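See below for coords_27.cif, which holds mmCIF, N, CA and C atoms.
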data_structure
#
loop_
_atom_site.label_atom_id
_atom_site.label_comp_id
_atom_site.auth_asym_id
_atom_site.auth_seq_id
_atom_site.Cartn_x
_atom_site.Cartn_y
_atom_site.Cartn_z
N MET A 1 97.26 74.00 82.25
CA MET A 1 96.25 73.12 81.72
C MET A 1 95.52 73.85 80.60
N ARG A 2 95.24 73.15 79.54
CA ARG A 2 94.55 73.74 78.39
C ARG A 2 93.05 73.73 78.65
N LEU A 3 92.47 74.91 78.73
CA LEU A 3 91.03 75.03 78.98
C LEU A 3 90.37 75.80 77.84
N TRP A 4 89.18 75.35 77.46
CA TRP A 4 88.37 76.04 76.46
C TRP A 4 87.01 76.35 77.05
N ASN A 5 86.53 77.56 76.79
CA ASN A 5 85.16 77.92 77.16
C ASN A 5 84.26 77.34 76.07
N LEU A 6 83.45 76.37 76.44
CA LEU A 6 82.60 75.65 75.48
C LEU A 6 81.13 76.01 75.64
N THR A 7 80.85 77.14 76.28
CA THR A 7 79.47 77.55 76.51
C THR A 7 78.71 77.72 75.20
N TYR A 8 79.34 78.31 74.23
CA TYR A 8 78.69 78.60 72.95
C TYR A 8 79.15 77.58 71.91
N ASN A 9 78.27 77.21 71.02
CA ASN A 9 78.58 76.19 70.04
C ASN A 9 79.42 76.78 68.90
N ASP A 10 80.71 76.93 69.15
CA ASP A 10 81.65 77.47 68.18
C ASP A 10 82.41 76.31 67.55
N PRO A 11 82.19 76.02 66.28
CA PRO A 11 82.84 74.87 65.63
C PRO A 11 84.37 74.94 65.67
N ARG A 12 84.94 76.14 65.68
CA ARG A 12 86.41 76.26 65.73
C ARG A 12 86.95 75.80 67.08
N ARG A 13 86.27 76.14 68.16
CA ARG A 13 86.72 75.68 69.48
C ARG A 13 86.61 74.17 69.59
N TRP A 14 85.47 73.64 69.12
CA TRP A 14 85.31 72.18 69.18
C TRP A 14 86.35 71.48 68.32
N ALA A 15 86.72 72.07 67.18
CA ALA A 15 87.75 71.48 66.32
C ALA A 15 89.09 71.43 67.05
N GLU A 16 89.41 72.48 67.81
CA GLU A 16 90.66 72.50 68.59
C GLU A 16 90.63 71.45 69.70
N VAL A 17 89.51 71.35 70.39
CA VAL A 17 89.39 70.36 71.47
C VAL A 17 89.49 68.95 70.89
N HIS A 18 88.79 68.69 69.79
CA HIS A 18 88.81 67.35 69.19
C HIS A 18 90.15 67.04 68.53
N ALA A 19 90.92 68.06 68.14
CA ALA A 19 92.27 67.83 67.61
C ALA A 19 93.18 67.25 68.69
N ILE A 20 92.92 67.60 69.94
CA ILE A 20 93.74 67.09 71.04
C ILE A 20 93.25 65.73 71.51
N SER A 21 91.96 65.62 71.81
CA SER A 21 91.45 64.40 72.44
C SER A 21 90.79 63.42 71.48
N GLY A 22 90.53 63.83 70.26
CA GLY A 22 89.82 62.96 69.32
C GLY A 22 88.32 63.22 69.37
N LYS A 23 87.64 62.74 68.38
CA LYS A 23 86.18 62.90 68.29
C LYS A 23 85.48 62.03 69.34
N PRO A 24 84.26 62.40 69.74
CA PRO A 24 83.50 61.54 70.66
C PRO A 24 83.29 60.16 70.04
N LEU A 25 83.19 59.17 70.90
CA LEU A 25 82.97 57.81 70.42
C LEU A 25 81.59 57.68 69.80
N GLY A 26 81.48 56.88 68.76
CA GLY A 26 80.19 56.60 68.15
C GLY A 26 79.37 55.68 69.03
N PHE A 27 78.14 55.42 68.60
CA PHE A 27 77.21 54.63 69.41
C PHE A 27 77.77 53.24 69.74
N TRP A 28 78.21 52.48 68.74
CA TRP A 28 78.66 51.12 68.98
C TRP A 28 79.97 51.08 69.75
N ALA A 29 80.87 52.03 69.48
CA ALA A 29 82.12 52.10 70.25
C ALA A 29 81.82 52.44 71.71
N SER A 30 80.82 53.27 71.94
CA SER A 30 80.42 53.62 73.30
C SER A 30 79.84 52.40 74.02
N VAL A 31 79.00 51.65 73.35
CA VAL A 31 78.42 50.44 73.94
C VAL A 31 79.53 49.45 74.26
N LYS A 32 80.45 49.26 73.34
CA LYS A 32 81.55 48.31 73.53
C LYS A 32 82.44 48.73 74.70
N ALA A 33 82.64 50.06 74.87
CA ALA A 33 83.49 50.57 75.95
C ALA A 33 82.78 50.62 77.29
N GLY A 34 81.49 50.32 77.32
CA GLY A 34 80.75 50.37 78.57
C GLY A 34 80.30 51.77 78.94
N GLY A 35 80.16 52.62 77.95
CA GLY A 35 79.74 54.01 78.18
C GLY A 35 80.92 54.95 78.05
N THR A 36 80.62 56.22 77.84
CA THR A 36 81.70 57.19 77.65
C THR A 36 81.86 58.14 78.82
N GLY A 37 80.87 58.26 79.69
CA GLY A 37 80.94 59.22 80.77
C GLY A 37 81.44 58.63 82.07
N SER A 38 82.17 59.44 82.83
CA SER A 38 82.67 59.02 84.14
C SER A 38 81.64 59.36 85.21
N PRO A 39 81.80 58.78 86.41
CA PRO A 39 80.96 59.22 87.52
C PRO A 39 81.23 60.70 87.82
N ARG A 40 80.25 61.37 88.36
CA ARG A 40 80.36 62.80 88.66
C ARG A 40 81.12 63.00 89.97
N ALA A 41 81.88 64.08 90.02
CA ALA A 41 82.64 64.44 91.22
C ALA A 41 82.56 65.95 91.41
N GLU A 42 83.02 66.42 92.55
CA GLU A 42 83.10 67.85 92.82
C GLU A 42 84.53 68.31 92.55
N LEU A 43 84.69 69.25 91.66
CA LEU A 43 86.01 69.79 91.33
C LEU A 43 86.42 70.75 92.43
N VAL A 44 87.57 70.50 93.08
CA VAL A 44 87.98 71.35 94.19
C VAL A 44 89.27 72.11 93.92
N GLY A 45 89.95 71.83 92.84
CA GLY A 45 91.18 72.55 92.54
C GLY A 45 91.94 71.92 91.40
N GLY A 46 93.08 72.47 91.15
CA GLY A 46 93.92 71.96 90.08
C GLY A 46 95.03 72.93 89.77
N SER A 47 95.62 72.78 88.62
CA SER A 47 96.75 73.60 88.23
C SER A 47 96.33 74.78 87.37
N GLY A 48 97.06 75.87 87.51
CA GLY A 48 96.91 77.02 86.63
C GLY A 48 95.53 77.64 86.64
N GLU A 49 95.00 77.87 85.43
CA GLU A 49 93.69 78.52 85.26
C GLU A 49 92.57 77.76 85.95
N LEU A 50 92.70 76.45 86.00
CA LEU A 50 91.66 75.63 86.61
C LEU A 50 91.42 76.04 88.06
N ASP A 51 92.50 76.27 88.80
CA ASP A 51 92.38 76.66 90.20
C ASP A 51 91.68 78.02 90.33
N ALA A 52 91.98 78.95 89.43
CA ALA A 52 91.34 80.27 89.47
C ALA A 52 89.85 80.17 89.17
N LEU A 53 89.47 79.32 88.24
CA LEU A 53 88.05 79.17 87.88
C LEU A 53 87.25 78.49 88.97
N VAL A 54 87.90 77.59 89.70
CA VAL A 54 87.20 76.86 90.76
C VAL A 54 87.23 77.64 92.06
N GLY A 55 88.00 78.70 92.14
CA GLY A 55 88.19 79.45 93.37
C GLY A 55 86.98 80.12 93.96
N VAL A 56 85.84 80.08 93.31
CA VAL A 56 84.63 80.69 93.86
C VAL A 56 84.13 79.79 94.99
N ALA A 57 84.21 80.28 96.20
CA ALA A 57 83.88 79.46 97.37
C ALA A 57 82.38 79.26 97.55
N SER A 58 81.58 80.11 96.92
CA SER A 58 80.15 80.05 97.18
C SER A 58 79.41 78.98 96.37
N ALA A 59 80.07 78.36 95.42
CA ALA A 59 79.37 77.39 94.57
C ALA A 59 80.17 76.10 94.44
N MET A 60 79.46 74.98 94.47
CA MET A 60 80.11 73.70 94.21
C MET A 60 80.25 73.56 92.70
N THR A 61 81.36 73.01 92.28
CA THR A 61 81.62 72.85 90.86
C THR A 61 81.66 71.36 90.55
N GLY A 62 80.61 70.85 89.92
CA GLY A 62 80.57 69.46 89.52
C GLY A 62 81.39 69.26 88.26
N CYS A 63 81.95 68.07 88.09
CA CYS A 63 82.72 67.77 86.89
C CYS A 63 82.57 66.30 86.53
N ASN A 64 82.87 65.99 85.30
CA ASN A 64 82.94 64.61 84.86
C ASN A 64 83.76 64.55 83.57
N PHE A 65 84.20 63.36 83.22
CA PHE A 65 84.98 63.13 82.02
C PHE A 65 84.11 62.47 80.95
N GLU A 66 84.41 62.74 79.70
CA GLU A 66 83.81 62.04 78.57
C GLU A 66 84.94 61.40 77.78
N ARG A 67 84.84 60.10 77.59
CA ARG A 67 85.85 59.38 76.81
C ARG A 67 85.69 59.71 75.34
N THR A 68 86.80 59.93 74.64
CA THR A 68 86.80 60.22 73.21
C THR A 68 87.68 59.21 72.50
N ALA A 69 87.84 59.37 71.19
CA ALA A 69 88.59 58.40 70.40
C ALA A 69 90.05 58.27 70.83
N HIS A 70 90.69 59.36 71.22
CA HIS A 70 92.12 59.32 71.56
C HIS A 70 92.41 59.87 72.94
N GLY A 71 91.39 60.05 73.77
CA GLY A 71 91.60 60.62 75.09
C GLY A 71 90.31 60.82 75.84
N ALA A 72 90.24 61.96 76.54
CA ALA A 72 89.04 62.29 77.31
C ALA A 72 88.96 63.80 77.46
N ILE A 73 87.77 64.29 77.77
CA ILE A 73 87.55 65.71 78.00
C ILE A 73 86.95 65.86 79.39
N LEU A 74 87.55 66.72 80.22
CA LEU A 74 87.00 67.07 81.52
C LEU A 74 86.05 68.24 81.32
N TYR A 75 84.79 68.08 81.73
CA TYR A 75 83.80 69.14 81.64
C TYR A 75 83.46 69.64 83.03
N PHE A 76 83.33 70.97 83.19
CA PHE A 76 82.88 71.56 84.44
C PHE A 76 82.30 72.93 84.16
N ARG A 77 81.53 73.43 85.13
CA ARG A 77 80.92 74.76 85.02
C ARG A 77 81.55 75.68 86.04
N SER A 78 81.69 76.94 85.65
CA SER A 78 82.17 77.97 86.55
C SER A 78 81.53 79.29 86.13
N ARG A 79 80.86 79.93 87.05
CA ARG A 79 80.24 81.23 86.79
C ARG A 79 79.38 81.21 85.53
N LEU A 80 78.48 80.29 85.42
CA LEU A 80 77.53 80.15 84.30
C LEU A 80 78.17 79.82 82.97
N GLU A 81 79.43 79.46 82.96
CA GLU A 81 80.14 79.08 81.74
C GLU A 81 80.49 77.59 81.82
N VAL A 82 80.53 76.91 80.67
CA VAL A 82 80.94 75.52 80.60
C VAL A 82 82.35 75.47 80.02
N TYR A 83 83.23 74.78 80.73
CA TYR A 83 84.62 74.67 80.29
C TYR A 83 84.96 73.22 79.99
N GLY A 84 85.92 73.03 79.11
CA GLY A 84 86.41 71.71 78.76
C GLY A 84 87.93 71.71 78.77
N ALA A 85 88.50 70.64 79.30
CA ALA A 85 89.95 70.45 79.31
C ALA A 85 90.23 69.11 78.63
N PRO A 86 90.69 69.13 77.38
CA PRO A 86 90.94 67.87 76.67
C PRO A 86 92.29 67.25 77.05
N PHE A 87 92.32 65.92 77.09
CA PHE A 87 93.54 65.18 77.39
C PHE A 87 93.71 64.07 76.36
N ARG A 88 94.94 63.85 75.93
CA ARG A 88 95.25 62.64 75.15
C ARG A 88 95.48 61.52 76.15
N LYS A 89 95.34 60.28 75.70
CA LYS A 89 95.48 59.15 76.60
C LYS A 89 96.84 59.14 77.29
N GLY A 90 97.93 59.42 76.59
CA GLY A 90 99.26 59.37 77.18
C GLY A 90 99.59 60.51 78.12
N GLU A 91 98.74 61.52 78.21
CA GLU A 91 99.01 62.67 79.05
C GLU A 91 98.65 62.44 80.52
N ILE A 92 97.84 61.45 80.82
CA ILE A 92 97.48 61.14 82.20
C ILE A 92 98.52 60.17 82.74
N SER A 93 99.23 60.61 83.80
CA SER A 93 100.31 59.77 84.32
C SER A 93 99.91 58.98 85.56
N GLY A 94 98.82 59.35 86.22
CA GLY A 94 98.42 58.59 87.38
C GLY A 94 97.20 59.17 88.08
N ILE A 95 96.72 58.40 89.04
CA ILE A 95 95.56 58.80 89.82
C ILE A 95 95.82 58.38 91.27
N THR A 96 95.51 59.26 92.21
CA THR A 96 95.67 58.93 93.63
C THR A 96 94.35 59.21 94.35
N ARG A 97 94.09 58.41 95.39
CA ARG A 97 92.90 58.58 96.24
C ARG A 97 93.35 58.73 97.68
N MET A 98 92.76 59.72 98.36
CA MET A 98 93.08 59.96 99.77
C MET A 98 91.77 60.14 100.54
N PRO A 99 91.64 59.52 101.71
CA PRO A 99 90.45 59.74 102.52
C PRO A 99 90.36 61.21 102.93
N GLU A 100 89.16 61.76 102.90
CA GLU A 100 88.95 63.16 103.30
C GLU A 100 87.57 63.27 103.91
N GLY A 101 87.49 63.30 105.21
CA GLY A 101 86.20 63.39 105.89
C GLY A 101 85.35 62.17 105.57
N ALA A 102 84.10 62.41 105.18
CA ALA A 102 83.19 61.31 104.85
C ALA A 102 83.43 60.78 103.44
N GLY A 103 84.19 61.50 102.63
CA GLY A 103 84.43 61.08 101.25
C GLY A 103 85.89 60.84 100.97
N GLU A 104 86.26 61.01 99.74
CA GLU A 104 87.65 60.84 99.33
C GLU A 104 88.03 61.94 98.35
N ARG A 105 89.30 62.25 98.33
CA ARG A 105 89.85 63.23 97.40
C ARG A 105 90.63 62.45 96.34
N ILE A 106 90.35 62.75 95.08
CA ILE A 106 91.01 62.09 93.96
C ILE A 106 91.83 63.13 93.22
N THR A 107 93.08 62.80 92.92
CA THR A 107 93.93 63.67 92.13
C THR A 107 94.36 62.92 90.89
N ILE A 108 94.15 63.54 89.75
CA ILE A 108 94.60 62.97 88.48
C ILE A 108 95.79 63.80 88.03
N TRP A 109 96.92 63.14 87.81
CA TRP A 109 98.17 63.78 87.43
C TRP A 109 98.32 63.74 85.92
N CYS A 110 98.75 64.84 85.33
CA CYS A 110 98.86 64.89 83.87
C CYS A 110 100.07 65.71 83.45
N GLY A 111 100.51 65.48 82.24
CA GLY A 111 101.59 66.24 81.64
C GLY A 111 101.32 66.36 80.16
N TRP A 112 101.66 67.49 79.55
CA TRP A 112 101.38 67.70 78.14
C TRP A 112 102.43 68.61 77.54
N THR A 113 102.48 68.64 76.23
CA THR A 113 103.38 69.52 75.48
C THR A 113 102.54 70.54 74.74
N ASP A 114 102.88 71.81 74.87
CA ASP A 114 102.10 72.85 74.20
C ASP A 114 102.52 72.99 72.73
N ALA A 115 101.90 73.92 72.03
CA ALA A 115 102.14 74.10 70.60
C ALA A 115 103.59 74.48 70.30
N GLU A 116 104.27 75.13 71.25
CA GLU A 116 105.67 75.53 71.05
C GLU A 116 106.65 74.41 71.42
N GLY A 117 106.15 73.29 71.94
CA GLY A 117 106.99 72.16 72.30
C GLY A 117 107.45 72.17 73.75
N ALA A 118 106.98 73.09 74.55
CA ALA A 118 107.36 73.14 75.96
C ALA A 118 106.53 72.14 76.77
N ALA A 119 107.19 71.46 77.68
CA ALA A 119 106.51 70.47 78.52
C ALA A 119 105.90 71.14 79.74
N HIS A 120 104.69 70.70 80.11
CA HIS A 120 103.98 71.22 81.28
C HIS A 120 103.44 70.04 82.07
N SER A 121 103.22 70.25 83.36
CA SER A 121 102.59 69.22 84.17
C SER A 121 101.55 69.88 85.06
N GLY A 122 100.61 69.10 85.53
CA GLY A 122 99.55 69.65 86.35
C GLY A 122 98.72 68.56 86.99
N SER A 123 97.65 68.98 87.62
CA SER A 123 96.77 68.03 88.29
C SER A 123 95.34 68.56 88.31
N VAL A 124 94.42 67.64 88.53
CA VAL A 124 93.00 67.95 88.69
C VAL A 124 92.59 67.31 90.01
N ASP A 125 92.10 68.12 90.96
CA ASP A 125 91.69 67.62 92.27
C ASP A 125 90.17 67.59 92.37
N MET A 126 89.66 66.43 92.78
CA MET A 126 88.22 66.24 92.89
C MET A 126 87.88 65.62 94.23
N ARG A 127 86.63 65.78 94.66
CA ARG A 127 86.16 65.19 95.90
C ARG A 127 84.83 64.49 95.61
N CYS A 128 84.65 63.31 96.18
CA CYS A 128 83.39 62.59 96.01
C CYS A 128 83.25 61.56 97.13
N SER A 129 82.11 60.88 97.15
CA SER A 129 81.89 59.84 98.15
C SER A 129 82.83 58.66 97.88
N LYS A 130 82.96 57.79 98.86
CA LYS A 130 83.86 56.64 98.70
C LYS A 130 83.40 55.74 97.56
N ALA A 131 82.09 55.51 97.45
CA ALA A 131 81.58 54.66 96.37
C ALA A 131 81.86 55.29 95.01
N SER A 132 81.62 56.60 94.89
CA SER A 132 81.89 57.28 93.62
C SER A 132 83.38 57.31 93.33
N ALA A 133 84.21 57.44 94.37
CA ALA A 133 85.66 57.46 94.18
C ALA A 133 86.14 56.13 93.62
N GLU A 134 85.59 55.02 94.11
CA GLU A 134 85.96 53.70 93.59
C GLU A 134 85.56 53.58 92.12
N ARG A 135 84.35 54.04 91.79
CA ARG A 135 83.88 53.95 90.39
C ARG A 135 84.69 54.87 89.48
N LEU A 136 85.01 56.09 89.96
CA LEU A 136 85.79 57.03 89.15
C LEU A 136 87.21 56.51 88.92
N GLU A 137 87.83 55.97 89.96
CA GLU A 137 89.18 55.42 89.79
C GLU A 137 89.16 54.25 88.81
N ALA A 138 88.17 53.37 88.94
CA ALA A 138 88.06 52.24 88.01
C ALA A 138 87.83 52.73 86.58
N TRP A 139 87.01 53.78 86.42
CA TRP A 139 86.75 54.35 85.09
C TRP A 139 88.04 54.88 84.46
N VAL A 140 88.82 55.65 85.25
CA VAL A 140 90.08 56.20 84.73
C VAL A 140 91.06 55.10 84.40
N ARG A 141 91.20 54.10 85.26
CA ARG A 141 92.15 53.00 85.00
C ARG A 141 91.71 52.19 83.77
N ARG A 142 90.41 51.94 83.63
CA ARG A 142 89.91 51.22 82.45
C ARG A 142 90.18 52.03 81.18
N TRP A 143 89.97 53.36 81.25
CA TRP A 143 90.23 54.23 80.13
C TRP A 143 91.70 54.21 79.75
N LEU A 144 92.60 54.22 80.74
CA LEU A 144 94.03 54.21 80.46
C LEU A 144 94.50 52.88 79.87
N MET A 145 93.81 51.78 80.21
CA MET A 145 94.19 50.46 79.71
C MET A 145 93.72 50.21 78.28
N ASP A 146 92.62 50.87 77.86
CA ASP A 146 92.08 50.62 76.51
C ASP A 146 93.06 51.07 75.45
#
Render the structure in this file as structure tokens.
Amino acid sequence: MRLWNLTYNDPRRWAEVHAISGKPLGFWASVKAGGTGSPRAELVGGSGELDALVGVASAMTGCNFERTAHGAILYFRSRLEVYGAPFRKGEISGITRMPEGAGERITIWCGWTDAEGAAHSGSVDMRCSKASAERLEAWVRRWLMD
């Protein structure tokens, strides 16, 4: 999974992130889309570097998505740093929900091609309440349909 440390306002990093997912939506596009942010969830795991960053058992890691012109960006914090994982719209292949205790576990499946042309696949695992899981799933499905 492609991750960028976005803690510091480095225009070069933001240019790389926006090259993948597109620029943030403007005010009117955001209003028309019903907002750009997803419901908040707890990030519990994922593929590659994401799993290592979330591996700190002592802290909950909140996450959410921001819709952009050509995709979305997953934002989360780990060890006082803010990370972003940009996705193009076609890179998300599906979403699954599974009951887990009092809440639900949501997995978003993705695949992407790196700069060298090699194909990769991965997932993002999140946990949230049943009500938030319904809203998050609807948000992702609405985003994929636009």
Could you pull out every residue with an atom within 8 Å of (86.0, 58.0, 85.0), file coordinates, counting only C-alpha atoms, and send them as a PDB file with N, CA and C atoms, in the frame of the given file?
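The file below, part.pdb, is the result:
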ATOM      1  N   GLY A  37      80.870  58.260  79.690  1.00  0.00           N
ATOM      2  CA  GLY A  37      80.940  59.220  80.770  1.00  0.00           C
ATOM      3  C   GLY A  37      81.440  58.630  82.070  1.00  0.00           C
ATOM      4  N   SER A  38      82.170  59.440  82.830  1.00  0.00           N
ATOM      5  CA  SER A  38      82.670  59.020  84.140  1.00  0.00           C
ATOM      6  C   SER A  38      81.640  59.360  85.210  1.00  0.00           C
ATOM      7  N   PRO A  39      81.800  58.780  86.410  1.00  0.00           N
ATOM      8  CA  PRO A  39      80.960  59.220  87.520  1.00  0.00           C
ATOM      9  C   PRO A  39      81.230  60.700  87.820  1.00  0.00           C
ATOM     10  N   ASN A  64      82.870  65.990  85.300  1.00  0.00           N
ATOM     11  CA  ASN A  64      82.940  64.610  84.860  1.00  0.00           C
ATOM     12  C   ASN A  64      83.760  64.550  83.570  1.00  0.00           C
ATOM     13  N   PHE A  65      84.200  63.360  83.220  1.00  0.00           N
ATOM     14  CA  PHE A  65      84.980  63.130  82.020  1.00  0.00           C
ATOM     15  C   PHE A  65      84.110  62.470  80.950  1.00  0.00           C
ATOM     16  N   GLU A  66      84.410  62.740  79.700  1.00  0.00           N
ATOM     17  CA  GLU A  66      83.810  62.040  78.570  1.00  0.00           C
ATOM     18  C   GLU A  66      84.940  61.400  77.780  1.00  0.00           C
ATOM     19  N   ARG A 135      84.350  54.040  91.790  1.00  0.00           N
ATOM     20  CA  ARG A 135      83.880  53.950  90.390  1.00  0.00           C
ATOM     21  C   ARG A 135      84.690  54.870  89.480  1.00  0.00           C
ATOM     22  N   LEU A 136      85.010  56.090  89.960  1.00  0.00           N
ATOM     23  CA  LEU A 136      85.790  57.030  89.150  1.00  0.00           C
ATOM     24  C   LEU A 136      87.210  56.510  88.920  1.00  0.00           C
ATOM     25  N   GLU A 137      87.830  55.970  89.960  1.00  0.00           N
ATOM     26  CA  GLU A 137      89.180  55.420  89.790  1.00  0.00           C
ATOM     27  C   GLU A 137      89.160  54.250  88.810  1.00  0.00           C
ATOM     28  N   ALA A 138      88.170  53.370  88.940  1.00  0.00           N
ATOM     29  CA  ALA A 138      88.060  52.240  88.010  1.00  0.00           C
ATOM     30  C   ALA A 138      87.830  52.730  86.580  1.00  0.00           C
ATOM     31  N   TRP A 139      87.010  53.780  86.420  1.00  0.00           N
ATOM     32  CA  TRP A 139      86.750  54.350  85.090  1.00  0.00           C
ATOM     33  C   TRP A 139      88.040  54.880  84.460  1.00  0.00           C
ATOM     34  N   VAL A 140      88.820  55.650  85.250  1.00  0.00           N
ATOM     35  CA  VAL A 140      90.080  56.200  84.730  1.00  0.00           C
ATOM     36  C   VAL A 140      91.060  55.100  84.400  1.00  0.00           C
ATOM     37  N   ARG A 141      91.200  54.100  85.260  1.00  0.00           N
ATOM     38  CA  ARG A 141      92.150  53.000  85.000  1.00  0.00           C
ATOM     39  C   ARG A 141      91.710  52.190  83.770  1.00  0.00           C
ATOM     40  N   TRP A 143      89.970  53.360  81.250  1.00  0.00           N
ATOM     41  CA  TRP A 143      90.230  54.230  80.130  1.00  0.00           C
ATOM     42  C   TRP A 143      91.700  54.210  79.750  1.00  0.00           C
TER      43      TRP A 143
END
Residues of stretch 43-113 of chain A that approach stretch 117-123 of chain A to 5 Å or less, counting only N, CA and C atoms: could you list each one with the shortest pair of atoms and its distance in Å to one decimal, rows by chain and increasing residue number, as a Markdown table?
| residue | atom | partner | partner_atom | distance |
| --- | --- | --- | --- | --- |
| A:Gly46 | CA | A:Ser123 | C | 4.1 |
| A:Ser47 | N | A:Ser123 | C | 4.2 |
| A:Ile108 | C | A:Ser123 | CA | 4.3 |
| A:Trp109 | CA | A:Ser123 | CA | 4.6 |
| A:Cys110 | C | A:Gly122 | N | 4.0 |
| A:Gly111 | CA | A:Ser121 | CA | 4.0 |
| A:Trp112 | N | A:His120 | C | 4.0 |
| A:Thr113 | CA | A:Ala118 | C | 4.3 |
Keeping N, CA and C atoms, export the residues of the selection given above as a PDB file, keeping the file's coordinate frame.
ATOM      1  N   GLY A  46      93.080  72.470  91.150  1.00  0.00           N
ATOM      2  CA  GLY A  46      93.920  71.960  90.080  1.00  0.00           C
ATOM      3  C   GLY A  46      95.030  72.930  89.770  1.00  0.00           C
ATOM      4  N   SER A  47      95.620  72.780  88.620  1.00  0.00           N
ATOM      5  CA  SER A  47      96.750  73.600  88.230  1.00  0.00           C
ATOM      6  C   SER A  47      96.330  74.780  87.370  1.00  0.00           C
ATOM      7  N   ILE A 108      94.150  63.540  89.750  1.00  0.00           N
ATOM      8  CA  ILE A 108      94.600  62.970  88.480  1.00  0.00           C
ATOM      9  C   ILE A 108      95.790  63.800  88.030  1.00  0.00           C
ATOM     10  N   TRP A 109      96.920  63.140  87.810  1.00  0.00           N
ATOM     11  CA  TRP A 109      98.170  63.780  87.430  1.00  0.00           C
ATOM     12  C   TRP A 109      98.320  63.740  85.920  1.00  0.00           C
ATOM     13  N   CYS A 110      98.750  64.840  85.330  1.00  0.00           N
ATOM     14  CA  CYS A 110      98.860  64.890  83.870  1.00  0.00           C
ATOM     15  C   CYS A 110     100.070  65.710  83.450  1.00  0.00           C
ATOM     16  N   GLY A 111     100.510  65.480  82.240  1.00  0.00           N
ATOM     17  CA  GLY A 111     101.590  66.240  81.640  1.00  0.00           C
ATOM     18  C   GLY A 111     101.320  66.360  80.160  1.00  0.00           C
ATOM     19  N   TRP A 112     101.660  67.490  79.550  1.00  0.00           N
ATOM     20  CA  TRP A 112     101.380  67.700  78.140  1.00  0.00           C
ATOM     21  C   TRP A 112     102.430  68.610  77.540  1.00  0.00           C
ATOM     22  N   THR A 113     102.480  68.640  76.230  1.00  0.00           N
ATOM     23  CA  THR A 113     103.380  69.520  75.480  1.00  0.00           C
ATOM     24  C   THR A 113     102.540  70.540  74.740  1.00  0.00           C
TER      25      THR A 113
END
Using atom CA of A:Val54 and atom CA of A:Arg79 as the two end points, give the distance in Å to one decimal.
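A separation of 9.1 Å between them.
Separating atom N of A:Ala72 from atom N of A:Val44 is a distance of 18.8 Å.
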Considering all atoms listed in the file, give me a table of residues in stretch 35-91 of chain A that are at most 7 Å from stretch 1-23 of chain A, with the closest atom pair and distance in Å for each, as CSV.
residue,atom,partner,partner_atom,distance
A:Ser47,C,A:Met1,N,5.3
A:Gly48,CA,A:Met1,N,5.3
A:Glu49,N,A:Met1,N,5.5
A:Leu50,N,A:Met1,N,6.4
A:Arg67,C,A:Lys23,C,6.4
A:Thr68,CA,A:Lys23,C,4.5
A:Ala69,N,A:Lys23,C,4.0
A:His70,N,A:Ser21,C,4.1
A:Gly71,N,A:Ser21,C,4.1
A:Ala72,N,A:Ser21,CA,4.9
A:Ile73,N,A:Ser21,CA,6.5
A:Leu80,C,A:Thr7,CA,7.0
A:Glu81,C,A:Thr7,CA,5.4
A:Val82,C,A:Leu6,N,3.9
A:Tyr83,CA,A:Trp4,C,4.4
A:Gly84,N,A:Trp4,C,4.1
A:Ala85,CA,A:Arg2,C,4.6
A:Pro86,N,A:Arg2,C,5.3
A:Phe87,C,A:Ser21,CA,4.5
A:Arg88,N,A:Ser21,CA,5.0
A:Lys89,N,A:Ser21,CA,6.5
Correct to one decimal, the distance atom C of A:Ser132-atom C of A:Ala29 is 22.2 Å
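Considering all atoms listed in the file, the residue among A:Ala52, A:Phe27, A:Ala133, A:Gly34 positioned nearest to A:Arg97 is A:Ala133.
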